[in-house]
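A.B. asks: What follows is a single structure, and I will ask about it in a moment.
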Amino acid sequence: MEKHKPVVVVGAGPAGLCAAIELKKAGAPVILLDENDKPGGQLFKQIHKFFGSREHKAGTRGFTIGTSLLDESLKLGIDVRLETEVVGVDPGLRVWAVRQRASSELIEASRLILATGATENALSFPGWTLPGVMTAGCAQTLINVYRVLPGKRVLIIGSGNVGVIVGYQLMQSGAEVVGIVEALPSLGGYGVHTAKLARAGVPFYTGTTVVRAEGVESLERATIAQVDGSFKPIASTERTLDVDTICLAVGLTPSLELSSLAGCRTIYVPELGGRMPLHDEYMRSSVQEVYVVGDTAGVEEASTAMEEGRLAGVHAAWSLGYMSDDDMKERVDETKQRLNALRQGVFGQKRFNAKARIIQESQLR
Ligand SMILES: Cc1cc2nc3c(=O)[nH]c(=O)nc-3n(C[C@H](O)[C@H](O)[C@H](O)COP(=O)(O)OP(=O)(O)OC[C@H]3O[C@@H](n4cnc5c(N)ncnc54)[C@H](O)[C@@H]3O)c2cc1C
């Protein structure tokens with residue numbers, strides 16, 4: 001009986017789309033739910049060429065990857081339900097979904113794959129609630145999805161990939177980036193993205209933080225200052241910049257709401273964004289019928305999210321009898337090889353070690 005219930009995938013970003021594609025290819029019934037009116041998650045906001053190796057779509061723009069995943073899911077005839085927010089799940093694999101904030105339905109799943117992504121971190125300082133202070137992802141959505149420029153003079157807080165990529169895209173959209181502020185002594189993003197801003201003359205303020213934002217109706221200026229060894233601002237180094245927008249690019253935290261409701265155990269791994277569900281090598285959480293993939297299972301990249309989605313899709317299909325042992329093993333081995341290749345280099349090795357720790361811990365508990 002279990003075999004005839006659908007596998008429910010929540011989140012149609014790169015991770016969820018790939019999981020659903022694998023399940024459908026194996027012949028398993030699958031329903032893919034997403035709260036947005038278009039699938040793709042973060043991919044359609046990403047107009048830059050992806051980093052990584054060519055095999056993993058480096059050099060391809062995020063939205064092009066999104067389009068090809070959508071084409072594949074359409075060809076396969078996957079049941080994609082949009083504008084559908086999942087508001088509850090329980091350990092008995094019952095999923096509560098609300099469509100267009102108007103009607104709700106209860107779906108009984110055979111397996112649940114959670115691909116709900118991550119939430120951007122905020123930073124609080126005097127004036128942070130003024131209109132004009134926003135997260136970098138919000139600014140990216142405004143320019144790349146809605147074609148609206150959030151402001152003319154922008155200060156970016158955080159020099160990781162998100163900060164520098166969004167900074168460059170704001171410049172391309174016609175804004176002036178007056179600076180990138182980074183509390184650490186060195187810059188965080190990939191050199192290729194940082195260099196574009198440096199070449200355009202954008203100043204980088206390392207060892208510096210934002211102290212306050214001021215304005216009457218909305219943001220008019222920001223004060224920044226260097227920090228001491230305990231990251232406390234040094235008052236004598238304060239300087240004020242005229243800006244109408246501050247973009248906070250200070251990290252992401254895995255979205256845990258649904259996995260917590262499903263009863264999945266968690267682990268704290270700062271390298272991957274903080275608290276996240278424990279998972280094994282097949283992306284199975286501590287509740288064996290619930291899988292967690294992509295940023296919700298530790299913040300990495302779209303390329304790793306896609307591979308994790310594939311891994312979970314293949315394993316879930318096999319666990320329901322839709323794939324032979326040999327096929328499952330072959331597909332899992334191929335996917336793991338690609339994942340390992342993605343987790344190399346200075347940034348990748350840290351993520352590789354962190355993931356290995358999560359898998360090891362899942363065997364102990
Ligand atoms: C500025 C920027 C640049 C980046 N550049 C790159 C890059 O060059 N290369 C790269 O590999 N990666 C890049 N990334 C990272 C990449 O976008 C993410 O790692 C990737 O999108 C994660 O995929 P995901 O499927 O886990 O989550 P997401 O893409 O976030 O998708 C999650 C989906 O789940 C939906 N959802 C969440 N909760 C619910 C719910 N309760 N009900 C229904 N739907 C729900 C969300 O609305 C969303 O559509 C970048 C990210 C940013 C912000």
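Residue numbering restarts at 1 for every chain of the structure tokens, chains are lettered A, B, ... in their displayed order, and ligands are numbered from 1 as they appear.
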Can you tell me, as a VMD selection string, what residues are no more than 10 Å from Arg99 in chain A when counting only C-alpha atoms, ignoring any on the same chain fewer than 4 positions away?

C.D. replies: chain A and resid 33 to 35 81 to 86 103 to 105

A.B. asks: Which neighbours of Leu69 in chain A fall inside 10 Å, counting only C-alpha atoms, when residues of the same chain fewer than 4 positions from it are skipped, and could you give them as a PyMOL selection string?

C.D. replies: chain A and resi 13-14+17-18+21+39-40+63-65+73-75+306

A.B. asks: Per residue of chain A within 7 Å of ligand 1, record the nearest atom pair and its distance in Å to one decimal, counting only C-alpha atoms and all ligand atoms, with rows in chain order and ascending residue number, as a Markdown table.

C.D. replies:
```
| residue | atom | partner | partner_atom_place_in_ligand_line | distance |
| --- | --- | --- | --- | --- |
| A:Val10 | CA | ligand 1 | 43 (C) | 5.6 |
| A:Gly11 | CA | ligand 1 | 34 (O) | 3.2 |
| A:Ala12 | CA | ligand 1 | 33 (C) | 5.0 |
| A:Gly13 | CA | ligand 1 | 31 (O) | 3.5 |
| A:Pro14 | CA | ligand 1 | 25 (O) | 4.1 |
| A:Ala15 | CA | ligand 1 | 25 (O) | 3.8 |
| A:Gly16 | CA | ligand 1 | 25 (O) | 5.5 |
| A:Leu33 | CA | ligand 1 | 43 (C) | 5.6 |
| A:Asp34 | CA | ligand 1 | 44 (N) | 3.6 |
| A:Glu35 | CA | ligand 1 | 43 (C) | 4.1 |
| A:Asn36 | CA | ligand 1 | 47 (O) | 5.6 |
| A:Pro39 | CA | ligand 1 | 49 (O) | 6.2 |
| A:Gly40 | CA | ligand 1 | 49 (O) | 6.1 |
| A:Gly41 | CA | ligand 1 | 49 (O) | 3.5 |
| A:Gln42 | CA | ligand 1 | 29 (O) | 4.0 |
| A:Leu43 | CA | ligand 1 | 17 (O) | 5.7 |
| A:Gln46 | CA | ligand 1 | 3 (C) | 6.1 |
| A:His48 | CA | ligand 1 | 8 (O) | 6.8 |
| A:Lys49 | CA | ligand 1 | 8 (O) | 6.3 |
| A:Phe50 | CA | ligand 1 | 8 (O) | 3.7 |
| A:Phe51 | CA | ligand 1 | 8 (O) | 4.9 |
| A:Gly62 | CA | ligand 1 | 8 (O) | 7.0 |
| A:Thr84 | CA | ligand 1 | 43 (C) | 5.8 |
| A:Glu85 | CA | ligand 1 | 42 (N) | 3.7 |
| A:Val86 | CA | ligand 1 | 42 (N) | 3.9 |
| A:Val87 | CA | ligand 1 | 41 (N) | 5.6 |
| A:Ala115 | CA | ligand 1 | 26 (O) | 5.3 |
| A:Thr116 | CA | ligand 1 | 37 (C) | 3.7 |
| A:Gly117 | CA | ligand 1 | 27 (O) | 3.5 |
| A:Ala118 | CA | ligand 1 | 30 (O) | 5.8 |
| A:Gly137 | CA | ligand 1 | 53 (C) | 5.5 |
| A:Gln140 | CA | ligand 1 | 1 (C) | 6.9 |
| A:Asn161 | CA | ligand 1 | 3 (C) | 6.4 |
| A:Val162 | CA | ligand 1 | 1 (C) | 4.0 |
| A:Gly163 | CA | ligand 1 | 1 (C) | 6.9 |
| A:Ile165 | CA | ligand 1 | 1 (C) | 5.5 |
| A:Val166 | CA | ligand 1 | 1 (C) | 5.4 |
| A:Leu258 | CA | ligand 1 | 41 (N) | 6.9 |
| A:Val293 | CA | ligand 1 | 26 (O) | 6.3 |
| A:Gly294 | CA | ligand 1 | 26 (O) | 3.4 |
| A:Asp295 | CA | ligand 1 | 26 (O) | 3.9 |
| A:Thr296 | CA | ligand 1 | 26 (O) | 5.9 |
| A:Val299 | CA | ligand 1 | 19 (O) | 6.2 |
| A:Glu300 | CA | ligand 1 | 19 (O) | 5.1 |
| A:Glu301 | CA | ligand 1 | 19 (O) | 3.4 |
| A:Ala302 | CA | ligand 1 | 11 (O) | 3.6 |
| A:Ser303 | CA | ligand 1 | 11 (O) | 4.2 |
| A:Thr304 | CA | ligand 1 | 11 (O) | 6.7 |
| A:Ala305 | CA | ligand 1 | 23 (O) | 5.2 |
```

A.B. asks: Leaving out range 111-114 of chain A and any residue of its chain fewer than 5 positions from it, which residues lie within 6 Å of it when counting only C-alpha atoms, given as a PyMOL selection string?

C.D. replies: chain A and resi 7-10+289-292

A.B. asks: Take the residues from that selection and write them out as an mmCIF file, in the first residue's frame, keeping N, CA and C atoms.

C.D. replies:
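Produced file result_36.cif, reproduced below:
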```
data_model
loop_
_atom_site.group_PDB
_atom_site.id
_atom_site.type_symbol
_atom_site.label_atom_id
_atom_site.label_comp_id
_atom_site.auth_asym_id
_atom_site.auth_seq_id
_atom_site.Cartn_x
_atom_site.Cartn_y
_atom_site.Cartn_z
ATOM 1 N N VAL A 7 5.276 10.220 -3.032
ATOM 2 C CA VAL A 7 6.395 10.822 -2.300
ATOM 3 C C VAL A 7 6.151 12.328 -2.392
ATOM 4 N N VAL A 8 6.142 13.013 -1.271
ATOM 5 C CA VAL A 8 5.909 14.460 -1.299
ATOM 6 C C VAL A 8 7.251 15.177 -1.141
ATOM 7 N N VAL A 9 7.532 16.061 -2.115
ATOM 8 C CA VAL A 9 8.755 16.856 -2.059
ATOM 9 C C VAL A 9 8.332 18.297 -1.756
ATOM 10 N N VAL A 10 8.866 18.881 -0.692
ATOM 11 C CA VAL A 10 8.502 20.259 -0.348
ATOM 12 C C VAL A 10 9.661 21.177 -0.725
ATOM 13 N N GLU A 289 11.813 7.840 7.072
ATOM 14 C CA GLU A 289 11.039 8.110 5.845
ATOM 15 C C GLU A 289 11.130 9.573 5.420
ATOM 16 N N VAL A 290 11.840 10.380 6.190
ATOM 17 C CA VAL A 290 11.948 11.811 5.871
ATOM 18 C C VAL A 290 13.389 12.122 5.444
ATOM 19 N N TYR A 291 13.523 12.688 4.243
ATOM 20 C CA TYR A 291 14.849 13.064 3.726
ATOM 21 C C TYR A 291 14.975 14.585 3.794
ATOM 22 N N VAL A 292 16.202 15.081 3.953
ATOM 23 C CA VAL A 292 16.442 16.530 3.944
ATOM 24 C C VAL A 292 17.556 16.802 2.934
#
```

A.B. asks: Could you name the residues that touch range 316-325 of chain A at 7 Å or less, counting only C-alpha atoms, but leaving out those on the same chain fewer than 2 positions away, as a PyMOL selection string?

C.D. replies: chain A and resi 3+23+26-28+111+312-314+327-329

A.B. asks: Pick out the residues sitting within 10 Å of Glu176 in chain A, and hand them over as a PyMOL selection string; count only C-alpha atoms, and ignore anything fewer than 6 positions along from it in its own chain.

C.D. replies: chain A and resi 151-155+167-168+170+202+243

A.B. asks: Go ahead and save the picked residues with N, CA and C atoms, as an mmCIF file, in the first residue's frame.

C.D. replies:
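Output (part32.cif):
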```
data_model
loop_
_atom_site.group_PDB
_atom_site.id
_atom_site.type_symbol
_atom_site.label_atom_id
_atom_site.label_comp_id
_atom_site.auth_asym_id
_atom_site.auth_seq_id
_atom_site.Cartn_x
_atom_site.Cartn_y
_atom_site.Cartn_z
ATOM 1 N N GLY A 151 17.644 51.184 -4.383
ATOM 2 C CA GLY A 151 18.173 52.493 -4.007
ATOM 3 C C GLY A 151 19.308 52.881 -4.935
ATOM 4 N N LYS A 152 19.866 54.093 -4.695
ATOM 5 C CA LYS A 152 20.907 54.568 -5.619
ATOM 6 C C LYS A 152 22.301 54.421 -5.044
ATOM 7 N N ARG A 153 22.412 54.554 -3.702
ATOM 8 C CA ARG A 153 23.739 54.454 -3.062
ATOM 9 C C ARG A 153 23.666 53.353 -1.998
ATOM 10 N N VAL A 154 24.420 52.291 -2.257
ATOM 11 C CA VAL A 154 24.249 51.077 -1.452
ATOM 12 C C VAL A 154 25.524 50.742 -0.673
ATOM 13 N N LEU A 155 25.323 50.365 0.587
ATOM 14 C CA LEU A 155 26.418 49.836 1.400
ATOM 15 C C LEU A 155 26.120 48.363 1.636
ATOM 16 N N GLY A 167 26.275 42.796 -4.819
ATOM 17 C CA GLY A 167 26.870 44.133 -5.006
ATOM 18 C C GLY A 167 27.114 44.408 -6.485
ATOM 19 N N TYR A 168 27.684 43.431 -7.176
ATOM 20 C CA TYR A 168 27.984 43.619 -8.598
ATOM 21 C C TYR A 168 26.691 43.748 -9.409
ATOM 22 N N LEU A 170 23.873 44.889 -8.352
ATOM 23 C CA LEU A 170 23.292 46.218 -8.086
ATOM 24 C C LEU A 170 23.981 47.269 -8.961
ATOM 25 N N VAL A 202 35.241 49.886 -6.135
ATOM 26 C CA VAL A 202 34.442 49.821 -4.894
ATOM 27 C C VAL A 202 35.395 49.616 -3.710
ATOM 28 N N VAL A 243 24.102 57.018 2.333
ATOM 29 C CA VAL A 243 23.554 55.868 1.581
ATOM 30 C C VAL A 243 22.038 55.837 1.755
#
```

A.B. asks: Quick one: everything within 10 Å of Ser285 in chain A, counting only C-alpha atoms, minus sequence neighbours fewer than 2 positions away in the same chain. Send it as an MDAnalysis selection string.

C.D. replies: chainID A and resid 113:114 259 262:266 277:283 287:293 297 359 362

A.B. asks: Just list the residues in range 124-223 of chain A DSSP gives strand (DSSP E) on the backbone, as JSON, numbers by chain.

C.D. replies: {"A": [133, 134, 135, 153, 154, 155, 156, 157, 176, 177, 178, 179, 180, 181, 182, 204, 205, 206, 208, 209, 210, 211, 212, 213, 214, 221, 222, 223]}

A.B. asks: How would the residues just picked look written out with N, CA, C and O atoms as an mmCIF file, in the first residue's frame?

C.D. replies:
```cif
data_model
loop_
_atom_site.group_PDB
_atom_site.id
_atom_site.type_symbol
_atom_site.label_atom_id
_atom_site.label_comp_id
_atom_site.auth_asym_id
_atom_site.auth_seq_id
_atom_site.Cartn_x
_atom_site.Cartn_y
_atom_site.Cartn_z
ATOM 1 N N VAL A 133 16.945 49.436 4.743
ATOM 2 C CA VAL A 133 17.831 48.390 5.272
ATOM 3 C C VAL A 133 17.173 47.049 4.954
ATOM 4 O O VAL A 133 16.015 46.827 5.305
ATOM 5 N N MET A 134 17.900 46.196 4.239
ATOM 6 C CA MET A 134 17.305 44.918 3.802
ATOM 7 C C MET A 134 18.397 43.849 3.670
ATOM 8 O O MET A 134 19.581 44.183 3.720
ATOM 9 N N THR A 135 17.973 42.622 3.490
ATOM 10 C CA THR A 135 18.970 41.574 3.263
ATOM 11 C C THR A 135 19.399 41.617 1.782
ATOM 12 O O THR A 135 18.676 42.137 0.924
ATOM 13 N N ARG A 153 22.412 54.554 -3.702
ATOM 14 C CA ARG A 153 23.739 54.454 -3.062
ATOM 15 C C ARG A 153 23.666 53.353 -1.998
ATOM 16 O O ARG A 153 22.954 53.491 -1.002
ATOM 17 N N VAL A 154 24.420 52.291 -2.257
ATOM 18 C CA VAL A 154 24.249 51.077 -1.452
ATOM 19 C C VAL A 154 25.524 50.742 -0.673
ATOM 20 O O VAL A 154 26.627 50.799 -1.215
ATOM 21 N N LEU A 155 25.323 50.365 0.587
ATOM 22 C CA LEU A 155 26.418 49.836 1.400
ATOM 23 C C LEU A 155 26.120 48.363 1.636
ATOM 24 O O LEU A 155 25.012 48.007 2.026
ATOM 25 N N ILE A 156 27.115 47.513 1.370
ATOM 26 C CA ILE A 156 26.909 46.069 1.576
ATOM 27 C C ILE A 156 27.635 45.664 2.855
ATOM 28 O O ILE A 156 28.806 46.003 3.043
ATOM 29 N N ILE A 157 26.956 44.910 3.701
ATOM 30 C CA ILE A 157 27.590 44.394 4.920
ATOM 31 C C ILE A 157 27.835 42.902 4.707
ATOM 32 O O ILE A 157 26.875 42.128 4.599
ATOM 33 N N GLU A 176 25.061 52.764 -7.206
ATOM 34 C CA GLU A 176 26.472 52.943 -6.848
ATOM 35 C C GLU A 176 26.712 52.163 -5.552
ATOM 36 O O GLU A 176 25.979 52.354 -4.571
ATOM 37 N N VAL A 177 27.705 51.289 -5.565
ATOM 38 C CA VAL A 177 28.044 50.576 -4.326
ATOM 39 C C VAL A 177 29.133 51.398 -3.638
ATOM 40 O O VAL A 177 30.256 51.503 -4.145
ATOM 41 N N VAL A 178 28.791 51.995 -2.506
ATOM 42 C CA VAL A 178 29.736 52.918 -1.862
ATOM 43 C C VAL A 178 30.740 52.172 -0.989
ATOM 44 O O VAL A 178 31.729 52.763 -0.544
ATOM 45 N N GLY A 179 30.531 50.904 -0.759
ATOM 46 C CA GLY A 179 31.516 50.145 -0.010
ATOM 47 C C GLY A 179 31.008 48.783 0.392
ATOM 48 O O GLY A 179 29.800 48.524 0.398
ATOM 49 N N ILE A 180 31.983 47.900 0.692
ATOM 50 C CA ILE A 180 31.650 46.578 1.231
ATOM 51 C C ILE A 180 32.343 46.501 2.584
ATOM 52 O O ILE A 180 33.564 46.705 2.686
ATOM 53 N N VAL A 181 31.563 46.244 3.613
ATOM 54 C CA VAL A 181 32.077 46.219 4.984
ATOM 55 C C VAL A 181 32.214 44.769 5.433
ATOM 56 O O VAL A 181 31.286 43.980 5.253
ATOM 57 N N GLU A 182 33.354 44.436 5.997
ATOM 58 C CA GLU A 182 33.598 43.056 6.432
ATOM 59 C C GLU A 182 34.240 43.099 7.826
ATOM 60 O O GLU A 182 35.283 43.725 8.012
ATOM 61 N N PHE A 204 36.703 48.322 -0.149
ATOM 62 C CA PHE A 204 36.423 47.236 0.804
ATOM 63 C C PHE A 204 36.933 47.686 2.161
ATOM 64 O O PHE A 204 38.086 48.091 2.283
ATOM 65 N N TYR A 205 36.083 47.629 3.182
ATOM 66 C CA TYR A 205 36.480 48.007 4.542
ATOM 67 C C TYR A 205 36.553 46.730 5.376
ATOM 68 O O TYR A 205 35.529 46.264 5.889
ATOM 69 N N THR A 206 37.744 46.138 5.510
ATOM 70 C CA THR A 206 37.865 44.925 6.335
ATOM 71 C C THR A 206 38.067 45.328 7.797
ATOM 72 O O THR A 206 38.422 46.464 8.096
ATOM 73 N N THR A 208 35.873 45.862 9.922
ATOM 74 C CA THR A 208 34.958 46.998 10.105
ATOM 75 C C THR A 208 33.519 46.498 10.227
ATOM 76 O O THR A 208 33.174 45.461 9.648
ATOM 77 N N THR A 209 32.708 47.230 10.985
ATOM 78 C CA THR A 209 31.283 46.857 11.075
ATOM 79 C C THR A 209 30.403 48.088 10.930
ATOM 80 O O THR A 209 30.894 49.226 10.942
ATOM 81 N N VAL A 210 29.096 47.844 10.810
ATOM 82 C CA VAL A 210 28.151 48.965 10.748
ATOM 83 C C VAL A 210 27.730 49.269 12.185
ATOM 84 O O VAL A 210 27.457 48.369 12.966
ATOM 85 N N VAL A 211 27.731 50.559 12.540
ATOM 86 C CA VAL A 211 27.434 50.957 13.915
ATOM 87 C C VAL A 211 25.987 51.424 14.041
ATOM 88 O O VAL A 211 25.285 51.072 14.973
ATOM 89 N N ARG A 212 25.539 52.253 13.104
ATOM 90 C CA ARG A 212 24.131 52.693 13.139
ATOM 91 C C ARG A 212 23.683 53.169 11.764
ATOM 92 O O ARG A 212 24.513 53.498 10.909
ATOM 93 N N ALA A 213 22.356 53.192 11.616
ATOM 94 C CA ALA A 213 21.746 53.726 10.393
ATOM 95 C C ALA A 213 20.838 54.868 10.820
ATOM 96 O O ALA A 213 20.191 54.788 11.861
ATOM 97 N N GLU A 214 20.805 55.944 10.012
ATOM 98 C CA GLU A 214 19.986 57.096 10.394
ATOM 99 C C GLU A 214 19.210 57.621 9.196
ATOM 100 O O GLU A 214 19.643 57.481 8.045
ATOM 101 N N ARG A 221 21.820 57.786 5.936
ATOM 102 C CA ARG A 221 23.270 57.602 6.116
ATOM 103 C C ARG A 221 23.551 56.432 7.063
ATOM 104 O O ARG A 221 22.683 56.037 7.852
ATOM 105 N N ALA A 222 24.783 55.909 6.930
ATOM 106 C CA ALA A 222 25.214 54.794 7.784
ATOM 107 C C ALA A 222 26.572 55.135 8.374
ATOM 108 O O ALA A 222 27.424 55.728 7.702
ATOM 109 N N THR A 223 26.759 54.782 9.634
ATOM 110 C CA THR A 223 28.059 54.993 10.272
ATOM 111 C C THR A 223 28.736 53.639 10.438
ATOM 112 O O THR A 223 28.114 52.678 10.919
#
```

A.B. asks: Can you tell me how far CA of Gly127 in chain A sits from CA of Ile143 in chain A, in Å to one decimal?

C.D. replies: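 Going from CA of Gly127 in chain A over to CA of Ile143 in chain A, I get 23.6 Å.
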
A.B. asks: May I ask which of the residues A:Asp326, A:Ala183, A:Asp79, A:Glu334 is the closest one to Arg310 in chain A, counting only C-alpha atoms?

C.D. replies: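 Using only C-alpha atoms, Arg310 in chain A sits closest to A:Glu334.
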
A.B. asks: Find the residues around Asn144 in chain A up to 8 Å (only C-alpha atoms counted), leave out those fewer than 5 positions away in its own chain, and share them as a PyMOL selection string.

C.D. replies: chain A and resi 44-47

A.B. asks: Keeping only C-alpha atoms, take the residues you just selected and write them out as a compact mmCIF listing (two decimals), in the first residue's frame.

C.D. replies:
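This is the output file result.txt:
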```txt
# COMPACT_ATOMS: atom_id res chain seq x y z
CA PHE A 44 15.93 32.50 -11.19
CA LYS A 45 17.50 35.33 -9.20
CA GLN A 46 20.98 34.29 -10.23
CA ILE A 47 21.95 36.07 -13.43
```

A.B. asks: So that I can check the secondary structure, give me every residue of range 162-290 of chain A assigned helix (DSSP H, G or I) by backbone DSSP, as JSON, numbers by chain.

C.D. replies: {"A": [162, 163, 164, 165, 166, 167, 168, 169, 170, 171, 172, 191, 192, 193, 194, 195, 196, 197, 198, 199, 235, 236, 237, 257, 258, 259, 260, 261, 270, 271, 272]}

A.B. asks: Would you export the selected residues with N, CA, C and O atoms as a CSV table (one decimal), in the first residue's frame, please?

C.D. replies:
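Written file, out.csv:
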```csv
chain,number,residue,atom,x,y,z
A,162,VAL,N,27.6,36.0,-1.5
A,162,VAL,CA,26.3,36.6,-1.6
A,162,VAL,C,26.5,38.1,-1.7
A,162,VAL,O,26.0,38.8,-2.6
A,163,GLY,N,27.3,38.7,-0.8
A,163,GLY,CA,27.5,40.1,-0.7
A,163,GLY,C,28.2,40.7,-2.0
A,163,GLY,O,27.7,41.6,-2.6
A,164,VAL,N,29.2,40.0,-2.5
A,164,VAL,CA,29.9,40.5,-3.6
A,164,VAL,C,29.1,40.3,-4.9
A,164,VAL,O,29.1,41.2,-5.8
A,165,ILE,N,28.4,39.2,-5.0
A,165,ILE,CA,27.6,39.0,-6.2
A,165,ILE,C,26.5,39.9,-6.3
A,165,ILE,O,26.2,40.6,-7.3
A,166,VAL,N,25.8,40.1,-5.2
A,166,VAL,CA,24.6,41.0,-5.2
A,166,VAL,C,25.1,42.5,-5.4
A,166,VAL,O,24.5,43.3,-6.1
A,167,GLY,N,26.3,42.8,-4.8
A,167,GLY,CA,26.9,44.1,-5.0
A,167,GLY,C,27.1,44.4,-6.5
A,167,GLY,O,26.8,45.5,-7.0
A,168,TYR,N,27.7,43.4,-7.2
A,168,TYR,CA,28.0,43.6,-8.6
A,168,TYR,C,26.7,43.7,-9.4
A,168,TYR,O,26.6,44.6,-10.3
A,169,GLN,N,25.7,42.9,-9.0
A,169,GLN,CA,24.4,43.0,-9.8
A,169,GLN,C,23.7,44.3,-9.6
A,169,GLN,O,23.1,44.9,-10.4
A,170,LEU,N,23.9,44.9,-8.4
A,170,LEU,CA,23.3,46.2,-8.1
A,170,LEU,C,24.0,47.3,-9.0
A,170,LEU,O,23.3,48.2,-9.5
A,171,MET,N,25.3,47.1,-9.1
A,171,MET,CA,26.0,48.1,-10.0
A,171,MET,C,25.6,48.0,-11.4
A,171,MET,O,25.3,48.9,-12.1
A,172,GLN,N,25.4,46.7,-11.9
A,172,GLN,CA,24.9,46.5,-13.2
A,172,GLN,C,23.5,47.1,-13.4
A,172,GLN,O,23.2,47.4,-14.5
A,191,GLY,N,37.5,35.0,-5.3
A,191,GLY,CA,38.3,36.1,-5.9
A,191,GLY,C,37.7,36.6,-7.2
A,191,GLY,O,37.7,37.8,-7.4
A,192,VAL,N,37.1,35.7,-8.0
A,192,VAL,CA,36.6,36.1,-9.3
A,192,VAL,C,35.5,37.2,-9.2
A,192,VAL,O,35.3,38.1,-9.9
A,193,HIS,N,34.6,37.0,-8.1
A,193,HIS,CA,33.5,38.0,-7.9
A,193,HIS,C,34.0,39.3,-7.2
A,193,HIS,O,33.7,40.4,-7.6
A,194,THR,N,34.9,39.1,-6.2
A,194,THR,CA,35.5,40.2,-5.5
A,194,THR,C,36.3,41.1,-6.4
A,194,THR,O,36.2,42.4,-6.4
A,195,ALA,N,37.0,40.5,-7.4
A,195,ALA,CA,37.9,41.3,-8.3
A,195,ALA,C,37.0,42.2,-9.2
A,195,ALA,O,37.5,43.3,-9.5
A,196,LYS,N,35.8,41.8,-9.5
A,196,LYS,CA,35.0,42.6,-10.4
A,196,LYS,C,34.7,43.9,-9.7
A,196,LYS,O,34.7,45.0,-10.4
A,197,LEU,N,34.4,43.9,-8.4
A,197,LEU,CA,34.0,45.1,-7.7
A,197,LEU,C,35.3,45.9,-7.5
A,197,LEU,O,35.3,47.2,-7.6
A,198,ALA,N,36.4,45.3,-7.1
A,198,ALA,CA,37.6,46.0,-6.9
A,198,ALA,C,38.0,46.8,-8.2
A,198,ALA,O,38.4,47.9,-8.1
A,199,ARG,N,37.9,46.1,-9.3
A,199,ARG,CA,38.3,46.8,-10.6
A,199,ARG,C,37.4,48.0,-10.9
A,199,ARG,O,37.8,49.0,-11.5
A,235,ALA,N,35.3,53.6,18.7
A,235,ALA,CA,34.5,54.9,18.4
A,235,ALA,C,35.4,55.9,17.7
A,235,ALA,O,34.9,56.6,16.8
A,236,SER,N,36.7,55.9,17.9
A,236,SER,CA,37.5,57.0,17.3
A,236,SER,C,37.7,56.7,15.8
A,236,SER,O,38.2,57.6,15.1
A,237,THR,N,37.3,55.5,15.3
A,237,THR,CA,37.4,55.3,13.9
A,237,THR,C,36.1,55.4,13.1
A,237,THR,O,36.1,55.1,11.9
A,257,GLU,N,11.8,24.5,10.1
A,257,GLU,CA,10.5,24.4,10.7
A,257,GLU,C,9.9,23.0,10.4
A,257,GLU,O,9.4,22.4,11.3
A,258,LEU,N,9.9,22.6,9.1
A,258,LEU,CA,9.2,21.4,8.8
A,258,LEU,C,9.9,20.1,9.3
A,258,LEU,O,9.2,19.2,9.8
A,259,SER,N,11.2,20.1,9.3
A,259,SER,CA,11.9,18.9,9.8
A,259,SER,C,11.7,18.8,11.3
A,259,SER,O,11.7,17.7,11.8
A,260,SER,N,11.6,20.0,12.0
A,260,SER,CA,11.4,19.9,13.4
A,260,SER,C,10.0,19.3,13.7
A,260,SER,O,9.8,18.5,14.6
A,261,LEU,N,9.0,19.8,12.9
A,261,LEU,CA,7.6,19.3,13.1
A,261,LEU,C,7.6,17.8,12.8
A,261,LEU,O,6.9,17.0,13.5
A,270,PRO,N,28.5,25.0,12.6
A,270,PRO,CA,28.6,26.4,12.2
A,270,PRO,C,29.1,26.6,10.8
A,270,PRO,O,28.6,27.5,10.1
A,271,GLU,N,29.9,25.7,10.3
A,271,GLU,CA,30.4,25.9,8.9
A,271,GLU,C,29.3,25.8,7.9
A,271,GLU,O,29.5,26.3,6.7
A,272,LEU,N,28.2,25.2,8.2
A,272,LEU,CA,27.1,25.0,7.3
A,272,LEU,C,25.9,25.8,7.6
A,272,LEU,O,24.8,25.5,7.2
```
